[in-house]
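*Asks:* My structure is stored as model-v7.txt, with compact mmCIF, C-alpha atoms.
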# COMPACT_ATOMS: atom_id res chain seq x y z
CA MET A 30 22.36 33.59 -16.22
CA ILE A 31 20.13 32.49 -13.36
CA TYR A 32 19.57 28.87 -12.44
CA HIS A 33 16.50 28.04 -10.40
CA THR A 34 15.60 24.65 -8.94
CA ASN A 35 12.82 23.70 -6.57
CA VAL A 36 12.79 21.08 -3.83
CA TRP A 37 11.67 18.38 -6.27
CA GLY A 38 14.72 18.98 -8.43
CA GLN A 39 12.75 20.58 -11.26
CA ALA A 40 15.08 23.02 -12.98
CA VAL A 41 14.77 26.08 -15.17
CA VAL A 42 17.54 28.19 -16.64
CA PHE A 43 17.14 31.78 -17.76
CA VAL A 44 19.08 35.01 -18.05
CA TRP A 45 18.42 38.28 -16.31
CA ARG A 46 19.86 41.65 -17.28
CA GLY A 47 20.51 42.86 -13.73
CA GLU A 48 18.90 45.92 -12.15
CA ARG A 49 15.49 46.61 -13.65
CA ARG A 50 12.78 49.15 -12.99
CA ARG A 51 10.20 47.29 -10.93
CA PRO A 52 6.68 47.90 -12.34
CA ALA A 53 4.40 50.08 -10.25
CA ALA A 54 1.87 47.24 -10.10
CA ALA A 55 4.43 45.03 -8.32
CA LEU A 56 5.28 47.74 -5.80
CA ALA A 57 1.59 48.28 -5.13
CA ALA A 58 0.78 44.58 -4.71
CA LYS A 59 -0.60 43.66 -1.28
CA THR A 60 -1.04 39.92 -1.76
CA LYS A 61 0.89 36.99 -3.21
CA GLU A 62 -1.61 36.75 -6.05
CA GLY A 63 -1.22 40.45 -6.81
CA LEU A 64 2.55 40.14 -6.99
CA MET A 65 2.37 37.05 -9.20
CA ASN A 66 -0.02 38.79 -11.58
CA ALA A 67 2.22 41.87 -11.71
CA GLN A 68 5.37 39.83 -12.32
CA PRO A 69 4.37 36.44 -13.75
CA TRP A 70 6.86 33.58 -13.69
CA LYS A 71 8.08 32.98 -17.23
CA GLY A 72 9.60 29.53 -16.80
CA ARG A 73 12.65 28.75 -18.92
CA TYR A 74 13.93 31.70 -20.94
CA THR A 75 16.93 31.54 -23.28
CA GLY A 76 16.43 34.66 -25.38
CA LYS A 77 18.35 37.92 -25.34
CA THR A 78 18.32 39.84 -22.07
CA GLU A 79 17.26 43.07 -23.77
CA ALA A 80 14.11 41.30 -24.94
CA LEU A 81 12.93 40.50 -21.41
CA PRO A 82 9.69 42.26 -20.46
CA ASP A 83 9.74 44.73 -17.57
CA ASN A 84 7.41 42.52 -15.56
CA PHE A 85 9.68 39.47 -15.73
CA GLY A 86 9.03 37.47 -12.54
CA LEU A 87 11.66 36.01 -10.22
CA PRO A 88 11.25 33.74 -7.20
CA ILE A 89 10.43 33.72 -4.43
CA TYR A 90 6.76 34.62 -4.11
CA HIS A 91 5.88 33.26 -0.69
CA TYR A 92 7.32 32.74 2.78
CA ARG A 93 9.78 29.87 3.22
CA CYS A 94 9.56 28.83 -0.42
CA LYS A 95 11.96 25.90 -0.90
CA THR A 96 13.81 27.33 -3.87
CA THR A 97 17.34 28.32 -4.78
CA THR A 98 18.37 31.10 -7.14
CA MET A 99 21.99 30.95 -8.25
CA ALA A 100 23.87 33.34 -10.52
CA ILE A 101 26.08 31.74 -13.19
CA LEU A 102 28.35 34.35 -14.74
CA GLU A 103 29.51 32.10 -17.55
CA SER A 104 29.27 28.50 -18.68
CA PRO A 105 32.71 26.88 -18.20
CA THR A 106 31.94 23.76 -20.21
CA ALA A 107 29.65 22.21 -22.79
CA PRO A 108 28.33 19.06 -21.06
CA SER A 109 26.68 16.12 -22.78
CA LEU A 110 24.85 12.97 -21.69
CA VAL A 111 26.21 9.57 -22.74
CA ASP A 112 23.84 6.62 -22.31
CA GLY A 113 25.20 3.46 -20.71
CA SER A 114 24.64 0.23 -22.65
CA HIS A 115 22.69 -1.27 -19.72
CA VAL A 116 20.38 1.72 -19.11
CA GLY A 117 16.70 1.06 -19.83
CA ASP A 118 14.62 3.25 -22.11
CA GLY A 119 12.43 4.44 -19.24
CA ASP A 120 15.43 5.61 -17.21
CA LYS A 121 16.91 7.32 -20.27
CA LYS A 122 13.65 9.21 -20.82
CA ARG A 123 13.54 10.35 -17.18
CA VAL A 124 17.12 11.57 -17.16
CA ARG A 125 16.79 13.27 -20.54
CA SER A 126 13.72 15.22 -19.46
CA TYR A 127 16.41 17.76 -18.46
CA THR A 128 19.08 19.12 -20.78
CA PRO A 129 22.78 18.35 -20.20
CA ALA A 130 23.27 21.99 -19.15
CA GLU A 131 20.52 21.69 -16.53
CA HIS A 132 22.06 18.50 -15.16
CA TYR A 133 25.47 20.16 -15.06
CA LEU A 134 24.13 23.14 -13.12
CA ARG A 135 22.26 20.96 -10.63
CA ALA A 136 25.23 18.64 -10.10
CA SER A 137 27.61 21.60 -9.77
CA ASP A 138 25.35 23.24 -7.21
CA ILE A 139 25.58 20.08 -5.09
CA LYS A 140 29.38 20.09 -5.45
CA ARG A 141 29.54 23.68 -4.23
CA LYS A 142 27.36 22.86 -1.24
CA ALA A 143 29.55 19.84 -0.46
CA ALA A 144 32.60 22.10 -0.38
CA THR A 145 31.15 24.37 2.30
CA ARG A 146 31.91 23.99 5.98
CA GLU A 147 28.52 22.40 6.63
CA GLY A 148 28.85 19.96 3.73
CA LEU A 149 26.01 17.66 2.67
CA SER A 150 23.63 15.92 5.03
CA TYR A 151 23.20 12.14 5.03
CA ASN A 152 19.78 10.54 4.82
CA ARG A 153 19.28 9.27 8.37
CA GLN A 154 17.93 5.86 7.44
CA ASP A 155 20.67 5.23 4.89
CA ALA A 156 23.33 6.45 7.31
CA LYS A 157 22.21 3.90 9.92
CA HIS A 158 23.21 1.18 7.48
CA ASP A 159 26.25 2.79 5.89
CA ILE A 160 28.20 3.58 9.07
CA PHE A 161 28.46 -0.17 9.66
CA ALA A 162 28.59 -1.39 6.05
CA HIS A 163 31.00 1.22 4.65
CA GLY A 164 32.32 3.22 7.58
CA PRO A 165 35.20 0.79 8.32
CA ASP A 166 36.53 1.34 4.77
CA PHE A 167 37.17 4.95 5.75
CA GLY A 168 38.49 4.43 9.27
CA ILE A 169 35.11 4.79 10.98
CA ALA A 170 34.61 1.97 13.47
CA VAL A 171 31.59 1.94 15.73
CA ASP A 172 29.99 -1.01 17.50
CA ARG A 173 26.34 -1.76 16.76
CA ASN A 174 25.73 -1.73 20.51
CA ALA A 175 27.39 1.65 20.97
CA GLY A 176 25.44 4.55 22.43
CA ASP A 177 23.48 7.01 20.30
CA ALA A 178 26.11 9.73 20.72
CA LEU A 179 28.85 7.57 19.19
CA LYS A 180 26.61 6.52 16.31
CA GLU A 181 25.65 10.13 15.59
CA GLN A 182 29.33 11.08 15.54
CA ALA A 183 30.03 8.23 13.12
CA LYS A 184 27.24 9.53 10.83
CA ARG A 185 28.71 13.04 10.90
CA ASP A 186 32.19 11.69 10.16
CA LEU A 187 30.97 9.63 7.22
CA ALA A 188 28.96 12.57 5.87
CA ALA A 189 32.05 14.78 6.08
CA ILE A 190 34.19 12.28 4.15
CA ALA A 191 31.44 11.79 1.56
CA SER A 192 31.06 15.58 1.18
CA THR A 193 34.79 15.86 0.52
CA ALA A 194 34.50 13.13 -2.12
CA VAL A 195 31.62 14.97 -3.84
CA ALA A 196 33.54 18.25 -3.80
CA GLN A 197 36.64 16.53 -5.25
CA ALA A 198 34.79 14.24 -7.69
CA LYS A 199 36.39 13.82 -11.11
CA GLU A 200 33.39 12.15 -12.74
CA ILE A 201 29.62 12.57 -12.39
CA LEU A 202 26.92 10.17 -13.58
CA VAL A 203 23.13 10.22 -13.42
CA GLN A 204 20.91 7.30 -12.47
CA ILE A 205 17.32 6.49 -11.63
CA TYR A 206 17.29 4.46 -8.43
CA PRO A 207 16.20 1.74 -8.26
CA ARG A 208 17.13 1.10 -11.87
CA GLY A 209 14.42 0.00 -14.26
CA SER A 210 11.63 1.46 -12.12
CA GLU A 211 8.11 1.82 -13.44
CA ALA A 212 7.44 5.06 -15.31
CA GLY A 213 7.37 7.94 -12.87
CA ALA A 214 8.84 5.84 -10.06
CA GLY A 215 12.38 5.77 -8.82
CA GLU A 216 14.54 8.66 -7.74
CA MET A 217 16.96 10.64 -9.86
CA GLN A 218 20.40 10.69 -8.30
CA TYR A 219 23.81 12.08 -9.13
CA VAL A 220 26.70 9.68 -8.63
CA TYR A 221 30.00 11.38 -7.79
CA MET A 222 33.24 9.46 -8.23
CA SER A 223 36.37 10.63 -6.44
CA GLU A 224 39.91 9.28 -6.38
CA SER A 225 40.80 11.13 -3.17
CA PRO A 226 39.13 10.01 -1.03
CA PRO A 227 38.51 6.84 -3.11
CA MET A 228 34.74 6.97 -2.89
CA GLU A 229 31.54 6.79 -4.92
CA VAL A 230 28.71 8.88 -3.47
CA ASP A 231 25.03 8.82 -4.53
CA VAL A 232 23.22 12.11 -3.90
CA ASP A 233 19.52 12.77 -4.53
CA ALA A 234 18.09 15.82 -6.30
CA GLU A 235 17.71 17.63 -2.97
CA GLY A 236 21.42 17.32 -2.28
CA VAL A 237 21.10 14.62 0.39
CA ILE A 238 23.58 11.73 0.48
CA ARG A 239 21.87 8.38 -0.03
CA SER A 240 24.82 6.00 -0.27
CA CYS A 241 28.60 5.77 -0.44
CA ASN A 242 31.04 3.05 -1.44
CA TYR A 243 34.80 2.56 -1.34
CA ILE A 244 36.55 2.48 -4.74
CA ASP A 245 39.50 0.10 -4.94
CA ASP A 246 40.08 0.52 -8.72
CA PHE A 247 38.84 3.88 -10.00
CA ASP A 248 39.23 3.22 -13.74
CA LYS A 249 37.53 -0.17 -13.58
CA ARG A 250 34.65 1.17 -11.46
CA LEU A 251 34.17 4.11 -13.81
CA GLU A 252 34.10 1.79 -16.82
CA ASN A 253 31.37 -0.31 -15.19
CA ARG A 254 29.35 2.69 -14.07
CA ARG A 255 29.37 4.17 -17.57
CA LYS A 256 27.61 1.01 -18.73
CA GLN A 257 25.07 1.01 -15.87
CA MET A 258 24.29 4.73 -15.73
CA ILE A 259 24.25 7.87 -17.85
CA TRP A 260 27.57 9.69 -17.89
CA LEU A 261 27.52 13.48 -17.54
CA ARG A 262 30.50 14.15 -19.78
CA LEU A 263 32.03 17.55 -19.14
CA LYS A 264 34.51 17.72 -22.01
Any chance you could put this one into structure tokens?
*Replies:*
Amino acid sequence: MIYHTNVWGQAVVFVWRGERRRPAAALAAKTKEGLMNAQPWKGRYTGKTEALPDNFGLPIYHYRCKTTTMAILESPTAPSLVDGSHVGDGDKKRVRSYTPAEHYLRASDIKRKAATREGLSYNRQDAKHDIFAHGPDFGIAVDRNAGDALKEQAKRDLAAIASTAVAQAKEILVQIYPRGSEAGAGEMQYVYMSESPPMEVDVDAEGVIRSCNYIDDFDKRLENRRKQMIWLRLK
């Protein structure tokens, strides 16, 4: 199965039967339009692989396209979405515009990226606030009058701890931030909750950290978050 997501977090899931004979029209194409016409993008496909047409299109079609194609050999779980009692109808509709499987794949992709050596990046504006507001909870102490080099190091340290929390997260929730936004407004985020380190991390659809908070009582925080957000239940 192939999972494809673009920079806006729009996701499609489809299967691909591996090596295929590339149509002569695709090999002969000299332009982007010619290639797209020879192998049109089919969007979401969930049928049998043997039923795929020979001209089944795959990204990417143009230089520096901001896309990711990821192979999923098997689905390890059957996720579901559980609405929190305090979640508004508009936020529910936004979150449920994607299937539980699509949310699981997107959230898992972020977890895999967090586990790499580079980890996740931290939104620069949010990091400016969080190194002072939340950094001390994780042993990061930097004076507001410190030089830029020390502040940048504090941002990297906080991003590294937050990435570890995302990679080790036991629970994942989905929210529209700010909550209760007008239709079409707000940003979809995945909220990762980890016991070690004891941290809650909000990550946007592009895989950028937007916020982190210390968790002093994991079970109590999780209970509250399940009321305020939509729980991506993995079992």
*Asks:* Report the closest atom pair, with its distance in Å rounded to one decimal, for each residue of range 143-164 of chain A that has an atom no farther than 10 Å from range 242-245 of chain A; count only C-alpha atoms, sort by chain and then rising residue number, and write it as JSON lines.
*Replies:*
{"residue": "A:Asp159", "atom": "CA", "partner": "A:Asn242", "partner_atom": "CA", "distance": 8.8}
{"residue": "A:Ala162", "atom": "CA", "partner": "A:Asn242", "partner_atom": "CA", "distance": 9.0}
{"residue": "A:His163", "atom": "CA", "partner": "A:Asn242", "partner_atom": "CA", "distance": 6.4}
{"residue": "A:Gly164", "atom": "CA", "partner": "A:Asn242", "partner_atom": "CA", "distance": 9.1}
*Asks:* Export C-alpha atoms of the chosen residues as a PDB file, in the coordinates of the input?
*Replies:*
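Heads up, here's the output in again24.pdb:
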ATOM      1  CA  ASP A 159      26.250   2.790   5.890  1.00  0.00           C
ATOM      2  CA  ALA A 162      28.590  -1.390   6.050  1.00  0.00           C
ATOM      3  CA  HIS A 163      31.000   1.220   4.650  1.00  0.00           C
ATOM      4  CA  GLY A 164      32.320   3.220   7.580  1.00  0.00           C
TER       5      GLY A 164
END
*Asks:* With all atoms listed in the file as the counted atoms, please give the residues lying no more than 12 Å from Ile238 in chain A, apart from itself and same-chain residues fewer than 4 positions off, as a ChimeraX atom specification.
*Replies:* /A:139-140,142-143,148-156,159,184-185,187-195,218-221,229-234,242
*Asks:* Include C-alpha atoms and write out the residues we just selected as a PDB file, keeping the file's coordinate frame.
*Replies:*
ATOM      1  CA  ILE A 139      25.580  20.080  -5.090  1.00  0.00           C
ATOM      2  CA  LYS A 140      29.380  20.090  -5.450  1.00  0.00           C
ATOM      3  CA  LYS A 142      27.360  22.860  -1.240  1.00  0.00           C
ATOM      4  CA  ALA A 143      29.550  19.840  -0.460  1.00  0.00           C
ATOM      5  CA  GLY A 148      28.850  19.960   3.730  1.00  0.00           C
ATOM      6  CA  LEU A 149      26.010  17.660   2.670  1.00  0.00           C
ATOM      7  CA  SER A 150      23.630  15.920   5.030  1.00  0.00           C
ATOM      8  CA  TYR A 151      23.200  12.140   5.030  1.00  0.00           C
ATOM      9  CA  ASN A 152      19.780  10.540   4.820  1.00  0.00           C
ATOM     10  CA  ARG A 153      19.280   9.270   8.370  1.00  0.00           C
ATOM     11  CA  GLN A 154      17.930   5.860   7.440  1.00  0.00           C
ATOM     12  CA  ASP A 155      20.670   5.230   4.890  1.00  0.00           C
ATOM     13  CA  ALA A 156      23.330   6.450   7.310  1.00  0.00           C
ATOM     14  CA  ASP A 159      26.250   2.790   5.890  1.00  0.00           C
ATOM     15  CA  LYS A 184      27.240   9.530  10.830  1.00  0.00           C
ATOM     16  CA  ARG A 185      28.710  13.040  10.900  1.00  0.00           C
ATOM     17  CA  LEU A 187      30.970   9.630   7.220  1.00  0.00           C
ATOM     18  CA  ALA A 188      28.960  12.570   5.870  1.00  0.00           C
ATOM     19  CA  ALA A 189      32.050  14.780   6.080  1.00  0.00           C
ATOM     20  CA  ILE A 190      34.190  12.280   4.150  1.00  0.00           C
ATOM     21  CA  ALA A 191      31.440  11.790   1.560  1.00  0.00           C
ATOM     22  CA  SER A 192      31.060  15.580   1.180  1.00  0.00           C
ATOM     23  CA  THR A 193      34.790  15.860   0.520  1.00  0.00           C
ATOM     24  CA  ALA A 194      34.500  13.130  -2.120  1.00  0.00           C
ATOM     25  CA  VAL A 195      31.620  14.970  -3.840  1.00  0.00           C
ATOM     26  CA  GLN A 218      20.400  10.690  -8.300  1.00  0.00           C
ATOM     27  CA  TYR A 219      23.810  12.080  -9.130  1.00  0.00           C
ATOM     28  CA  VAL A 220      26.700   9.680  -8.630  1.00  0.00           C
ATOM     29  CA  TYR A 221      30.000  11.380  -7.790  1.00  0.00           C
ATOM     30  CA  GLU A 229      31.540   6.790  -4.920  1.00  0.00           C
ATOM     31  CA  VAL A 230      28.710   8.880  -3.470  1.00  0.00           C
ATOM     32  CA  ASP A 231      25.030   8.820  -4.530  1.00  0.00           C
ATOM     33  CA  VAL A 232      23.220  12.110  -3.900  1.00  0.00           C
ATOM     34  CA  ASP A 233      19.520  12.770  -4.530  1.00  0.00           C
ATOM     35  CA  ALA A 234      18.090  15.820  -6.300  1.00  0.00           C
ATOM     36  CA  ASN A 242      31.040   3.050  -1.440  1.00  0.00           C
TER      37      ASN A 242
END
*Asks:* Looking at A:Ile201, A:Leu64, A:Ala54, A:Ala178, which one is nearest to Ser137 in chain A, with distances taken over all atoms listed in the file?
*Replies:*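 The answer is A:Ile201, which sits nearest to Ser137 in chain A.
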*Asks:* Using all atoms listed in the file, which residues sit within 8 Å of Lys199 in chain A once same-chain residues fewer than 4 positions away are excluded, as a list in words?
*Replies:*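 The neighbour list is Tyr221, Met222, Ser223 and Glu224 of chain A.
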*Asks:* So, with all atoms listed in the file as the atoms that count, which of A:Asp186, A:Arg173, A:Arg146, A:Ile259 lies closest to Glu200 in chain A?
*Replies:*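 Among the listed residues, A:Ile259 lies closest to Glu200 in chain A.
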*Asks:* Could you tell me how far CA of Tyr206 in chain A sits from CA of Lys256 in chain A, in Å to one decimal place?
*Replies:*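 Atom-to-atom, CA of Lys256 in chain A and CA of Tyr206 in chain A are spaced 15.0 Å apart.
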*Asks:* What does the distance from CA of Met258 in chain A to CA of Phe167 in chain A come to in Å, to one decimal?
*Replies:*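 Interatomic distance, CA of Met258 in chain A to CA of Phe167 in chain A: 25.0 Å.
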*Asks:* Expressed in Å to a single decimal, how great is the separation between CA of Arg250 in chain A and CA of Gly215 in chain A?
*Replies:* 22.9 Å
*Asks:* Which residue gives the smallest distance to Arg255 in chain A among A:Leu202, A:Ala107, A:Leu134, A:Ala183, with all atoms listed in the file counted?
*Replies:* A:Leu202
